[in-house]
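Scroll down for the structure; my scribbles are underneath it.
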Amino acid sequence: MIIPTVSRPYEPGLPALGNNQEQYSVHGNGSMAIKLERGDSFHIVNLEGHQKAEIVCFLENGKNDLSALGLKKEHDGKLTKFILNQENESATVVRLKLKKFKIDIKSINQSVLVFSNESLTGSIEKFTAQLNCVCIVSAPGEIDILSEGVPATDLRLIVERAKSRIEGEYILPDPIGDPINEIFIKRQTAIAYEVEEGDYIQVIDVFGRQCSDFTAFDARLLQKGKEVGIDTTNSRYLMGGGSMPGLHSKYFTENHEPLIEVIRDTVGRHDTFGTACTSKFYDDHGYFGHPNCSDNFNYALDSYSVRKRLGWNAINLFYNTSIDANNSIVFDEPYSRPGDYILMKAIKNLVCVTSACPDDIDPANGWNCTDMFVRIYRPNKPFSKGGAYRMKPDAEPKLTKETGFHPRVSKLTENIIDYKGFWLATKYNNNGALQEYEACRERAIILDLSALRKFEILGPDAEELMQRTCTRNIRKLAVGQVVYTAMCYDHGGMIDDGTVFKMTDTNFRWICGDEYCGEWLREKAKEFGLKVWIKSSTDNLHNVSVQGPKSREILKKIVWTPAHQTSLDELGWFRFTIGNLNEINGIPIMVSRTGYTGELGYEIFCHPRHAPEIWDAVMKAGEEFKITPMGLDALDLVRIEAGLIFANYEFDDQTDPFEAGISFTVPLKSKEDDFIGKENLIKRKANPQRTLVGLEIEGNELCGHGDCVHEIGAKAQIGTITSGVKSPILNKMIALCKMDINYSTIDTEVEIGKLDGHQKRIKAKVVRFPFYDPDKSRVKA
């Protein structure tokens with residue numbers, strides 16, 4: 001008898017390591033400390049290549065001695081000391097860990113460097129502990145610590161323990177500060193605890209896929225017999241949805257008094273619609289007497305004389321719910337991975353209660369209830385705010401970062417959002433999208449776009465790689481030239497659009513919106529057997545866009561270029577120059593004549609530590625022209641008017657460049673070389689199904705992304721709105737639309753469906769786009 005096997009889903013979000021393995025990230029210009037027992041070993045994986053690793057080792061007696069790894073001193077450890085002496089959270093976490101092991105970083109005096117500047121992507125070095133020890137692995141930049149050359153990039157650390165973990169044994173992430181209290185919450189239970197105003201509460205999902213109910217009461221009022229706690233319905237109403245790090249981050253009482261603020265969240269998916277699970281929930285399913293969070297809350301809060309409830313109003317942390325087409329709440333397994341957490345700040349003295357949810361009868365906890373862990377911090381300075389950005393489901397989370405321009409931006413507005421892992425402004429105080437739009441069209445604006453992903457393509461085969469992966473003909477580029485291009489998968493769908501800068505004959509810079517491009521380029525380089533390195537440089541190269549009719553006059557005042565570089569006054573469209581701020585010894589900058597507004601404009605690139613000075617210089621030079629900071633809201637207005645496309649709106653991996661309205665990026669006749677997707681793009685061009693068109697809409701109702709488009713009076717859908725705005729300059733409602741090719745002729749009349757797509761229709765017609773300056777006379781001026 002053959003017993004059939006059961007197919008299991010692929011779950012890249014969960015760890016695939018053995019019971020004796022652990023995995024850590026060592027970020028570029030960062031360090032990681034690990035405690036090793038005799039017989040333990042570790043691998044260092046060079047994720048991007050061209051990156052050195054420095055190893056420092058301490059014995060149990062606190063002595064800096066590499067012999068525990070069978071190594072001898074080669075260097076003095078100055079790179080690691082420099083990294084650990086930085087005033088940032090990453091260094092603080094490692095210092096606290098070393099302090100726990102009674103290790104003084106001042107005593108570092110010996111180290112070894114592994115890997116070289118020629119190390120390949122994915123290269124590995126392995127070490128084994130011959131004695132009990134603590135190892136520090138660092139990912140330093142160039143030997144010249146202040147170098148702004150090839151950026152430092154991440155390493156991966158895989159530890160193999162000599163002894164496997166026993167069932168139930170867990171690994172906690174390192175504390176983000178020095179905790180004043182740590183609370184273990186056993187599965188299917190709840191614990192109450194007190195915190196003071198200003199304390200931080202970190203709720204950690206230890207094993208992943210586990211929910212935790214949380215609520216809190218005003219402690220001072222509770223002492224007076226008044227129960228005033230978190231009201232999730234009011235909180236959701238006031239915040240416009242679930243609270244998250246940033247502007248809309250608080251949870252309130254029924255009297256609209258804030259009790260806690262969400263500071264960090266590495267999951268980003270929680271529930272505030274349902275109650276904590278109840279005995280009735282399990283009774284109704286036939287599981288009588290089953291443990292439940294509401295009863296557990298009652299037990300945990302009994303000593304505070306809190307009124308018992310059959311069902312508790314709570315924040316259901318990590319609970320993965322959504323609203324279906326029937327307006328009903330549905331749920332599935334949580335998104336949380338092992339070690340994921342939410343960090344909240346107490347706005348008042350609080351009595352809190354946290355559970356490890358006992359629901360094991362459905363997917364709410366991945367069918368397996370596990371433990372939770374809570375840490376309480378009372379730091380000297382606030383923790384930074386942020387959500388978690390993951391390039392892929394199995395990628396390490398990266399907290400939202402501040403750009404180099406953030407010190408200036410944050411003084412001018414509180415309207416800042418997490419945009420692809422960076423804090424960017426949506427609009428500025430005393431202005432708004434319309435005022436900022438007007439400044440861009442009539443004068444000049446400055447816009448922080450540092451969230452764009454940058455990659456350095458380095459090596460003798462750099463041009464070959466870009467020629468094979470980009471749709472444009474990269475071989476035609478001259479040094480100092482920029483080209484806008486698409487990158488496509490084999491089936492012809494787009495990965496991303498972006499710009500290629502030719503820095504030298506063997507160095508290119510790819511600037512795009514999607515961080516996955518870097519990994520994809522590395523995969524292709526390996527597949528083709530090319531000698532090329534793809535180094536992430538997003539954190540080393542931040543940029544502002546200076547756009548508008550007066551942008552050239554502003555930058556002429558402050559951009560100095562050497563004789564062998566093109567002057568700003570002579571810089572052509574899609575060209576760049578390298579120079580300095582104001583004079584020969586000024587801050588090094590790169591300026592490109594590029595933009596995303598449909599206006600004459602430039603982008604200035606610099607190292608993040610110089611960003612505030614660049615901002616100040618631009619603002620001062622632009623005073624006479626009333627230069628205005630611009631946010632993302634106004635950017636959306638100008639880019640839609642200019643017919644410029646945006647990822648996951650006008651294109652995705654199911655959309656080819658022809659459908660996305662950028663057919664000019666696929667020169668099939670003039671680019672004879674093969675490139676990824678070419679074969680299928682030829683087929684798609686010969687058999688088009690959809691194309692991007694402009695729509696002019698009657699009336700004043702806004703039509704936006706996802707709205708359906710129909711033939712006049714017909715039921716069948718023929719298109720989908722990708723982006724829509726009211727154009728200030730045209731004083732009309734306009735939209736970009738993916739349209740069936742048979743209805744894409746200019747002046748074709750259509751209807752846009754609202755509500756369910758049929759109960760309400762708005763008339764529109766196909767028009768020429770770009771809507772604004774279709775001949776691009778302004779941007780080429």
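Starting from 1 in every chain, residues are counted up; chains themselves are A, B, ... following the order of the structure tokens, and ligands are numbered from 1 as listed.
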For A:Arg38, work out the shell of residues within 6 Å, counting only C-alpha atoms and skipping chain neighbours fewer than 5 positions away, then give it as a list of chain:residue names.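 Once the nearby chain positions are removed, what remains is A:Ala129, A:Gln130, A:Leu131, A:Asn132.
Neighbours of stretch 433-441 of chain A closer than or equal to 6 Å, with only C-alpha atoms counted and sequence neighbours fewer than 4 positions away skipped, come out as Ile445, Gly548, Met630, Asp633 and Ala634 of chain A.
Across the model, the gap from atom CA of A:Ala525 to atom CA of A:Lys476 is 20.6 Å.
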What's the 12 Å shell around A:Val532, counting only C-alpha atoms, without same-chain residues fewer than 6 positions away, as an NGL selection string? :A and (48-50 or 118-121 or 456-466 or 506-508 or 521-526)
Selection near A:Glu22, 8 Å with only C-alpha atoms, sequence-local residues under 3 positions removed, as an mmCIF file with N, CA, C and O atoms, in the first residue's frame:
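Contents of the output file part30.cif:
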data_model
loop_
_atom_site.group_PDB
_atom_site.id
_atom_site.type_symbol
_atom_site.label_atom_id
_atom_site.label_comp_id
_atom_site.auth_asym_id
_atom_site.auth_seq_id
_atom_site.Cartn_x
_atom_site.Cartn_y
_atom_site.Cartn_z
ATOM 1 N N LEU A 17 15.937 26.966 9.601
ATOM 2 C CA LEU A 17 17.188 26.492 10.184
ATOM 3 C C LEU A 17 16.936 25.292 11.081
ATOM 4 O O LEU A 17 15.831 25.080 11.582
ATOM 5 N N ILE A 158 25.685 32.820 10.453
ATOM 6 C CA ILE A 158 24.950 31.588 10.756
ATOM 7 C C ILE A 158 25.740 30.813 11.799
ATOM 8 O O ILE A 158 26.888 30.408 11.559
ATOM 9 N N VAL A 159 25.134 30.633 12.962
ATOM 10 C CA VAL A 159 25.785 29.950 14.079
ATOM 11 C C VAL A 159 25.269 28.519 14.157
ATOM 12 O O VAL A 159 24.051 28.281 14.085
ATOM 13 N N GLU A 160 26.192 27.584 14.282
ATOM 14 C CA GLU A 160 25.831 26.173 14.482
ATOM 15 C C GLU A 160 26.304 25.758 15.869
ATOM 16 O O GLU A 160 27.506 25.749 16.147
#
My list of candidates is A:His758, A:His542, A:His290, A:Arg269. Which is closest to A:Gly387 when distances are computed with only C-alpha atoms?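 Selected residue with least distance to A:Gly387: A:Arg269.
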Would you mind listing what lies within 12 Å of A:Pro393 as a VMD selection string, with only C-alpha atoms counted and same-chain residues fewer than 6 positions away left out? chain A and resid 10 to 15 267 335 to 337 516
Write to file, as an mmCIF file, in the first residue's frame, the residues of the selection just made, with all heavy atoms.
data_model
loop_
_atom_site.group_PDB
_atom_site.id
_atom_site.type_symbol
_atom_site.label_atom_id
_atom_site.label_comp_id
_atom_site.auth_asym_id
_atom_site.auth_seq_id
_atom_site.Cartn_x
_atom_site.Cartn_y
_atom_site.Cartn_z
ATOM 1 N N TYR A 10 4.940 26.414 0.979
ATOM 2 C CA TYR A 10 6.235 27.074 1.153
ATOM 3 C C TYR A 10 6.018 28.305 2.012
ATOM 4 O O TYR A 10 5.189 29.151 1.693
ATOM 5 C CB TYR A 10 6.799 27.453 -0.213
ATOM 6 C CG TYR A 10 8.041 28.302 -0.180
ATOM 7 C CD1 TYR A 10 9.173 27.922 0.544
ATOM 8 C CD2 TYR A 10 8.094 29.506 -0.891
ATOM 9 C CE1 TYR A 10 10.306 28.698 0.554
ATOM 10 C CE2 TYR A 10 9.231 30.289 -0.886
ATOM 11 C CZ TYR A 10 10.338 29.884 -0.161
ATOM 12 O OH TYR A 10 11.469 30.665 -0.134
ATOM 13 N N GLU A 11 6.717 28.411 3.142
ATOM 14 C CA GLU A 11 6.530 29.518 4.075
ATOM 15 C C GLU A 11 7.860 30.228 4.329
ATOM 16 O O GLU A 11 8.511 30.009 5.346
ATOM 17 C CB GLU A 11 5.941 29.021 5.395
ATOM 18 C CG GLU A 11 4.559 28.417 5.248
ATOM 19 C CD GLU A 11 3.961 27.985 6.578
ATOM 20 O OE1 GLU A 11 4.389 26.938 7.094
ATOM 21 O OE2 GLU A 11 3.086 28.699 7.089
ATOM 22 N N PRO A 12 8.291 31.081 3.387
ATOM 23 C CA PRO A 12 9.593 31.742 3.533
ATOM 24 C C PRO A 12 9.675 32.688 4.717
ATOM 25 O O PRO A 12 10.763 33.074 5.129
ATOM 26 C CB PRO A 12 9.757 32.495 2.203
ATOM 27 C CG PRO A 12 8.358 32.698 1.722
ATOM 28 C CD PRO A 12 7.605 31.485 2.161
ATOM 29 N N GLY A 13 8.524 33.080 5.270
ATOM 30 C CA GLY A 13 8.546 33.985 6.423
ATOM 31 C C GLY A 13 8.982 33.321 7.706
ATOM 32 O O GLY A 13 9.319 33.997 8.672
ATOM 33 N N LEU A 14 8.967 31.987 7.745
ATOM 34 C CA LEU A 14 9.373 31.267 8.950
ATOM 35 C C LEU A 14 10.781 30.714 8.773
ATOM 36 O O LEU A 14 11.187 30.359 7.666
ATOM 37 C CB LEU A 14 8.397 30.122 9.240
ATOM 38 C CG LEU A 14 6.992 30.548 9.657
ATOM 39 C CD1 LEU A 14 6.105 29.327 9.832
ATOM 40 C CD2 LEU A 14 7.020 31.357 10.947
ATOM 41 N N PRO A 15 11.556 30.601 9.860
ATOM 42 C CA PRO A 15 12.943 30.138 9.746
ATOM 43 C C PRO A 15 13.011 28.697 9.286
ATOM 44 O O PRO A 15 12.184 27.866 9.667
ATOM 45 C CB PRO A 15 13.485 30.300 11.171
ATOM 46 C CG PRO A 15 12.281 30.257 12.045
ATOM 47 C CD PRO A 15 11.189 30.892 11.252
ATOM 48 N N VAL A 267 5.700 44.095 12.566
ATOM 49 C CA VAL A 267 4.716 43.240 11.897
ATOM 50 C C VAL A 267 3.755 44.081 11.054
ATOM 51 O O VAL A 267 3.544 43.818 9.875
ATOM 52 C CB VAL A 267 3.929 42.390 12.921
ATOM 53 C CG1 VAL A 267 2.880 41.529 12.208
ATOM 54 C CG2 VAL A 267 4.872 41.515 13.721
ATOM 55 N N TYR A 335 1.093 37.273 10.646
ATOM 56 C CA TYR A 335 2.277 37.557 9.828
ATOM 57 C C TYR A 335 3.565 37.495 10.653
ATOM 58 O O TYR A 335 4.661 37.475 10.091
ATOM 59 C CB TYR A 335 2.177 38.971 9.235
ATOM 60 C CG TYR A 335 1.268 39.118 8.039
ATOM 61 C CD1 TYR A 335 0.304 38.171 7.733
ATOM 62 C CD2 TYR A 335 1.369 40.238 7.216
ATOM 63 C CE1 TYR A 335 -0.540 38.331 6.637
ATOM 64 C CE2 TYR A 335 0.536 40.409 6.113
ATOM 65 C CZ TYR A 335 -0.414 39.449 5.830
ATOM 66 O OH TYR A 335 -1.225 39.619 4.741
ATOM 67 N N SER A 336 3.466 37.513 11.954
ATOM 68 C CA SER A 336 4.646 37.688 12.804
ATOM 69 C C SER A 336 5.606 36.514 12.700
ATOM 70 O O SER A 336 5.209 35.352 12.634
ATOM 71 C CB SER A 336 4.228 37.885 14.267
ATOM 72 O OG SER A 336 3.360 36.849 14.691
ATOM 73 N N ARG A 337 6.904 36.857 12.676
ATOM 74 C CA ARG A 337 7.975 35.870 12.673
ATOM 75 C C ARG A 337 8.590 35.790 14.059
ATOM 76 O O ARG A 337 8.362 36.667 14.892
ATOM 77 C CB ARG A 337 9.077 36.258 11.686
ATOM 78 C CG ARG A 337 8.740 36.119 10.220
ATOM 79 C CD ARG A 337 8.067 37.300 9.674
ATOM 80 N NE ARG A 337 8.241 37.450 8.231
ATOM 81 C CZ ARG A 337 7.586 38.302 7.498
ATOM 82 N NH1 ARG A 337 6.696 39.095 8.042
ATOM 83 N NH2 ARG A 337 7.811 38.395 6.203
ATOM 84 N N TYR A 516 14.420 45.078 -4.236
ATOM 85 C CA TYR A 516 14.640 43.727 -4.777
ATOM 86 C C TYR A 516 15.501 43.757 -6.036
ATOM 87 O O TYR A 516 16.139 42.752 -6.377
ATOM 88 C CB TYR A 516 13.293 43.066 -5.082
ATOM 89 C CG TYR A 516 13.429 41.718 -5.751
ATOM 90 C CD1 TYR A 516 13.998 40.644 -5.079
ATOM 91 C CD2 TYR A 516 12.995 41.529 -7.069
ATOM 92 C CE1 TYR A 516 14.136 39.409 -5.704
ATOM 93 C CE2 TYR A 516 13.130 40.305 -7.695
ATOM 94 C CZ TYR A 516 13.702 39.245 -7.009
ATOM 95 O OH TYR A 516 13.844 38.031 -7.622
#
So, counting only C-alpha atoms, which residue among A:Gly493, A:Thr748, A:Asn298, A:Asp773 is closest to A:Arg684?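 For A:Arg684, the nearest of the given residues is A:Gly493.
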Shell of 10 Å around A:Ala139, only C-alpha atoms, local chain residues under 6 positions omitted, as an mmCIF file with all heavy atoms, in the first residue's frame:
data_model
loop_
_atom_site.group_PDB
_atom_site.id
_atom_site.type_symbol
_atom_site.label_atom_id
_atom_site.label_comp_id
_atom_site.auth_asym_id
_atom_site.auth_seq_id
_atom_site.Cartn_x
_atom_site.Cartn_y
_atom_site.Cartn_z
ATOM 1 N N VAL A 26 24.605 41.196 10.217
ATOM 2 C CA VAL A 26 25.587 42.202 10.597
ATOM 3 C C VAL A 26 25.469 43.300 9.551
ATOM 4 O O VAL A 26 25.865 43.127 8.399
ATOM 5 C CB VAL A 26 27.016 41.630 10.620
ATOM 6 C CG1 VAL A 26 27.999 42.685 11.113
ATOM 7 C CG2 VAL A 26 27.085 40.380 11.490
ATOM 8 N N HIS A 27 24.862 44.418 9.937
ATOM 9 C CA HIS A 27 24.604 45.476 8.972
ATOM 10 C C HIS A 27 25.887 46.216 8.602
ATOM 11 O O HIS A 27 26.846 46.271 9.386
ATOM 12 C CB HIS A 27 23.572 46.454 9.525
ATOM 13 C CG HIS A 27 22.238 45.815 9.777
ATOM 14 N ND1 HIS A 27 21.499 45.224 8.781
ATOM 15 C CD2 HIS A 27 21.520 45.645 10.920
ATOM 16 C CE1 HIS A 27 20.387 44.720 9.278
ATOM 17 N NE2 HIS A 27 20.371 44.966 10.579
ATOM 18 N N GLY A 28 25.912 46.767 7.391
ATOM 19 C CA GLY A 28 27.063 47.545 6.957
ATOM 20 C C GLY A 28 27.403 48.635 7.955
ATOM 21 O O GLY A 28 26.517 49.339 8.423
ATOM 22 N N ASN A 29 28.676 48.738 8.327
ATOM 23 C CA ASN A 29 29.139 49.659 9.372
ATOM 24 C C ASN A 29 28.489 49.357 10.720
ATOM 25 O O ASN A 29 28.256 50.252 11.527
ATOM 26 C CB ASN A 29 28.894 51.118 8.974
ATOM 27 C CG ASN A 29 29.916 51.617 7.978
ATOM 28 O OD1 ASN A 29 31.096 51.291 8.085
ATOM 29 N ND2 ASN A 29 29.475 52.392 7.001
ATOM 30 N N GLY A 30 28.195 48.069 10.936
ATOM 31 C CA GLY A 30 27.630 47.627 12.206
ATOM 32 C C GLY A 30 28.366 46.413 12.725
ATOM 33 O O GLY A 30 29.282 45.881 12.089
ATOM 34 N N SER A 31 27.976 45.939 13.915
ATOM 35 C CA SER A 31 28.599 44.786 14.560
ATOM 36 C C SER A 31 27.542 43.875 15.158
ATOM 37 O O SER A 31 26.397 44.280 15.383
ATOM 38 C CB SER A 31 29.561 45.236 15.677
ATOM 39 O OG SER A 31 30.634 45.990 15.172
ATOM 40 N N MET A 32 27.933 42.655 15.458
ATOM 41 C CA MET A 32 27.088 41.686 16.148
ATOM 42 C C MET A 32 27.967 40.899 17.107
ATOM 43 O O MET A 32 29.062 40.469 16.741
ATOM 44 C CB MET A 32 26.413 40.748 15.140
ATOM 45 C CG MET A 32 25.703 39.550 15.756
ATOM 46 S SD MET A 32 24.358 39.987 16.876
ATOM 47 C CE MET A 32 23.187 40.676 15.715
ATOM 48 N N ASN A 46 29.186 36.585 2.852
ATOM 49 C CA ASN A 46 29.371 37.898 2.239
ATOM 50 C C ASN A 46 28.237 38.120 1.231
ATOM 51 O O ASN A 46 28.320 37.682 0.085
ATOM 52 C CB ASN A 46 30.735 37.948 1.544
ATOM 53 C CG ASN A 46 31.286 39.343 1.455
ATOM 54 O OD1 ASN A 46 30.531 40.299 1.332
ATOM 55 N ND2 ASN A 46 32.595 39.465 1.504
ATOM 56 N N GLN A 51 33.174 43.078 0.522
ATOM 57 C CA GLN A 51 32.956 43.559 1.884
ATOM 58 C C GLN A 51 33.825 42.776 2.862
ATOM 59 O O GLN A 51 33.772 41.558 2.901
ATOM 60 C CB GLN A 51 31.488 43.405 2.288
ATOM 61 C CG GLN A 51 31.188 43.739 3.745
ATOM 62 C CD GLN A 51 31.489 45.178 4.083
ATOM 63 O OE1 GLN A 51 31.038 46.083 3.385
ATOM 64 N NE2 GLN A 51 32.249 45.404 5.146
ATOM 65 N N LYS A 52 34.621 43.479 3.626
ATOM 66 C CA LYS A 52 35.462 42.836 4.632
ATOM 67 C C LYS A 52 34.672 42.590 5.909
ATOM 68 O O LYS A 52 33.652 43.225 6.162
ATOM 69 C CB LYS A 52 36.684 43.700 4.931
ATOM 70 C CG LYS A 52 37.633 43.842 3.749
ATOM 71 C CD LYS A 52 38.822 44.713 4.094
ATOM 72 C CE LYS A 52 39.759 44.836 2.891
ATOM 73 N NZ LYS A 52 40.921 45.708 3.190
ATOM 74 N N ALA A 53 35.163 41.639 6.704
ATOM 75 C CA ALA A 53 34.615 41.381 8.030
ATOM 76 C C ALA A 53 35.765 41.397 9.022
ATOM 77 O O ALA A 53 36.831 40.843 8.751
ATOM 78 C CB ALA A 53 33.904 40.036 8.068
ATOM 79 N N GLU A 54 35.557 42.048 10.158
ATOM 80 C CA GLU A 54 36.573 42.042 11.212
ATOM 81 C C GLU A 54 36.055 41.205 12.378
ATOM 82 O O GLU A 54 34.899 41.350 12.799
ATOM 83 C CB GLU A 54 36.897 43.454 11.689
ATOM 84 C CG GLU A 54 38.045 43.463 12.705
ATOM 85 C CD GLU A 54 38.554 44.855 13.017
ATOM 86 O OE1 GLU A 54 37.752 45.701 13.461
ATOM 87 O OE2 GLU A 54 39.759 45.102 12.814
ATOM 88 N N ILE A 55 36.918 40.320 12.888
ATOM 89 C CA ILE A 55 36.547 39.435 13.997
ATOM 90 C C ILE A 55 37.398 39.783 15.214
ATOM 91 O O ILE A 55 38.627 39.879 15.134
ATOM 92 C CB ILE A 55 36.758 37.957 13.631
ATOM 93 C CG1 ILE A 55 35.908 37.587 12.417
ATOM 94 C CG2 ILE A 55 36.404 37.050 14.812
ATOM 95 C CD1 ILE A 55 36.159 36.182 11.904
ATOM 96 N N LEU A 79 38.777 49.110 13.673
ATOM 97 C CA LEU A 79 37.532 49.271 12.915
ATOM 98 C C LEU A 79 36.329 48.916 13.777
ATOM 99 O O LEU A 79 35.315 49.623 13.783
ATOM 100 C CB LEU A 79 37.566 48.396 11.668
ATOM 101 C CG LEU A 79 38.691 48.709 10.668
ATOM 102 C CD1 LEU A 79 38.680 47.710 9.527
ATOM 103 C CD2 LEU A 79 38.568 50.128 10.136
ATOM 104 N N THR A 80 36.439 47.829 14.529
ATOM 105 C CA THR A 80 35.349 47.435 15.422
ATOM 106 C C THR A 80 35.175 48.453 16.541
ATOM 107 O O THR A 80 34.043 48.808 16.909
ATOM 108 C CB THR A 80 35.627 46.036 16.004
ATOM 109 O OG1 THR A 80 35.620 45.084 14.928
ATOM 110 C CG2 THR A 80 34.585 45.645 17.032
ATOM 111 N N ILE A 83 33.279 51.401 15.218
ATOM 112 C CA ILE A 83 31.853 51.099 15.045
ATOM 113 C C ILE A 83 31.136 51.088 16.386
ATOM 114 O O ILE A 83 30.039 51.653 16.532
ATOM 115 C CB ILE A 83 31.682 49.748 14.318
ATOM 116 C CG1 ILE A 83 32.106 49.885 12.843
ATOM 117 C CG2 ILE A 83 30.240 49.245 14.406
ATOM 118 C CD1 ILE A 83 32.175 48.579 12.086
ATOM 119 N N LEU A 113 41.016 40.367 9.888
ATOM 120 C CA LEU A 113 40.127 40.759 8.798
ATOM 121 C C LEU A 113 39.979 39.575 7.853
ATOM 122 O O LEU A 113 40.972 38.953 7.472
ATOM 123 C CB LEU A 113 40.681 41.960 8.044
ATOM 124 C CG LEU A 113 40.527 43.329 8.708
ATOM 125 C CD1 LEU A 113 41.299 44.383 7.924
ATOM 126 C CD2 LEU A 113 39.062 43.735 8.797
ATOM 127 N N ALA A 152 29.831 50.204 2.776
ATOM 128 C CA ALA A 152 29.796 48.979 3.563
ATOM 129 C C ALA A 152 28.424 48.342 3.414
ATOM 130 O O ALA A 152 27.404 49.032 3.394
ATOM 131 C CB ALA A 152 30.077 49.294 5.031
ATOM 132 N N THR A 153 28.387 47.024 3.281
ATOM 133 C CA THR A 153 27.115 46.316 3.109
ATOM 134 C C THR A 153 27.017 45.162 4.096
ATOM 135 O O THR A 153 27.964 44.852 4.817
ATOM 136 C CB THR A 153 26.962 45.821 1.660
ATOM 137 O OG1 THR A 153 28.166 45.149 1.255
ATOM 138 C CG2 THR A 153 26.709 46.982 0.723
ATOM 139 N N ASP A 154 25.862 44.509 4.113
ATOM 140 C CA ASP A 154 25.544 43.545 5.164
ATOM 141 C C ASP A 154 26.265 42.209 4.994
ATOM 142 O O ASP A 154 26.542 41.764 3.875
ATOM 143 C CB ASP A 154 24.037 43.278 5.201
ATOM 144 C CG ASP A 154 23.229 44.507 5.573
ATOM 145 O OD1 ASP A 154 23.828 45.550 5.884
ATOM 146 O OD2 ASP A 154 21.980 44.413 5.551
ATOM 147 N N LEU A 155 26.496 41.581 6.140
ATOM 148 C CA LEU A 155 26.979 40.206 6.209
ATOM 149 C C LEU A 155 25.907 39.377 6.907
ATOM 150 O O LEU A 155 25.110 39.909 7.678
ATOM 151 C CB LEU A 155 28.282 40.112 7.006
ATOM 152 C CG LEU A 155 29.471 40.948 6.518
ATOM 153 C CD1 LEU A 155 30.573 40.963 7.567
ATOM 154 C CD2 LEU A 155 30.004 40.400 5.195
ATOM 155 N N ARG A 156 25.898 38.090 6.646
ATOM 156 C CA ARG A 156 24.998 37.187 7.373
ATOM 157 C C ARG A 156 25.841 36.260 8.244
ATOM 158 O O ARG A 156 26.879 35.752 7.805
ATOM 159 C CB ARG A 156 24.140 36.370 6.411
ATOM 160 C CG ARG A 156 23.202 35.381 7.113
ATOM 161 C CD ARG A 156 22.261 34.720 6.126
ATOM 162 N NE ARG A 156 21.354 35.710 5.562
ATOM 163 C CZ ARG A 156 20.842 35.642 4.331
ATOM 164 N NH1 ARG A 156 21.167 34.639 3.536
ATOM 165 N NH2 ARG A 156 20.015 36.573 3.896
#
Go ahead and compute the interatomic distance for atom CA of A:Asp359 and atom CA of A:Met372, in Å to one decimal.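 Interatomic distance, atom CA of A:Asp359 to atom CA of A:Met372: 13.9 Å.
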Can you work out the spacing between atom CA of A:Asn365 and atom CA of A:Phe318 in Å, to one decimal?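 Computing it gives 9.1 Å between the two atoms.
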Near A:Asn582, within 8 Å and counting only C-alpha atoms, which residues show up once chain neighbours fewer than 5 positions away are dropped, as a list in words?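 Non-adjacent residues within range: Lys557, Ile558, Val559 and Trp560 of chain A.
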Would you put the residues from that selection into a file with N, CA, C and O atoms, as an mmCIF file, in the first residue's frame?
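Contents of out-v3.cif, freshly written:
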data_model
loop_
_atom_site.group_PDB
_atom_site.id
_atom_site.type_symbol
_atom_site.label_atom_id
_atom_site.label_comp_id
_atom_site.auth_asym_id
_atom_site.auth_seq_id
_atom_site.Cartn_x
_atom_site.Cartn_y
_atom_site.Cartn_z
ATOM 1 N N LYS A 557 24.103 79.170 -8.427
ATOM 2 C CA LYS A 557 24.752 79.938 -7.355
ATOM 3 C C LYS A 557 25.631 79.070 -6.464
ATOM 4 O O LYS A 557 26.580 79.568 -5.849
ATOM 5 N N ILE A 558 25.307 77.790 -6.350
ATOM 6 C CA ILE A 558 25.942 76.986 -5.294
ATOM 7 C C ILE A 558 26.703 75.760 -5.791
ATOM 8 O O ILE A 558 27.385 75.098 -5.007
ATOM 9 N N VAL A 559 26.604 75.427 -7.089
ATOM 10 C CA VAL A 559 27.281 74.227 -7.593
ATOM 11 C C VAL A 559 28.573 74.625 -8.287
ATOM 12 O O VAL A 559 28.556 75.346 -9.297
ATOM 13 N N TRP A 560 29.692 74.177 -7.722
ATOM 14 C CA TRP A 560 31.004 74.400 -8.329
ATOM 15 C C TRP A 560 31.440 73.121 -9.030
ATOM 16 O O TRP A 560 31.312 72.013 -8.468
#
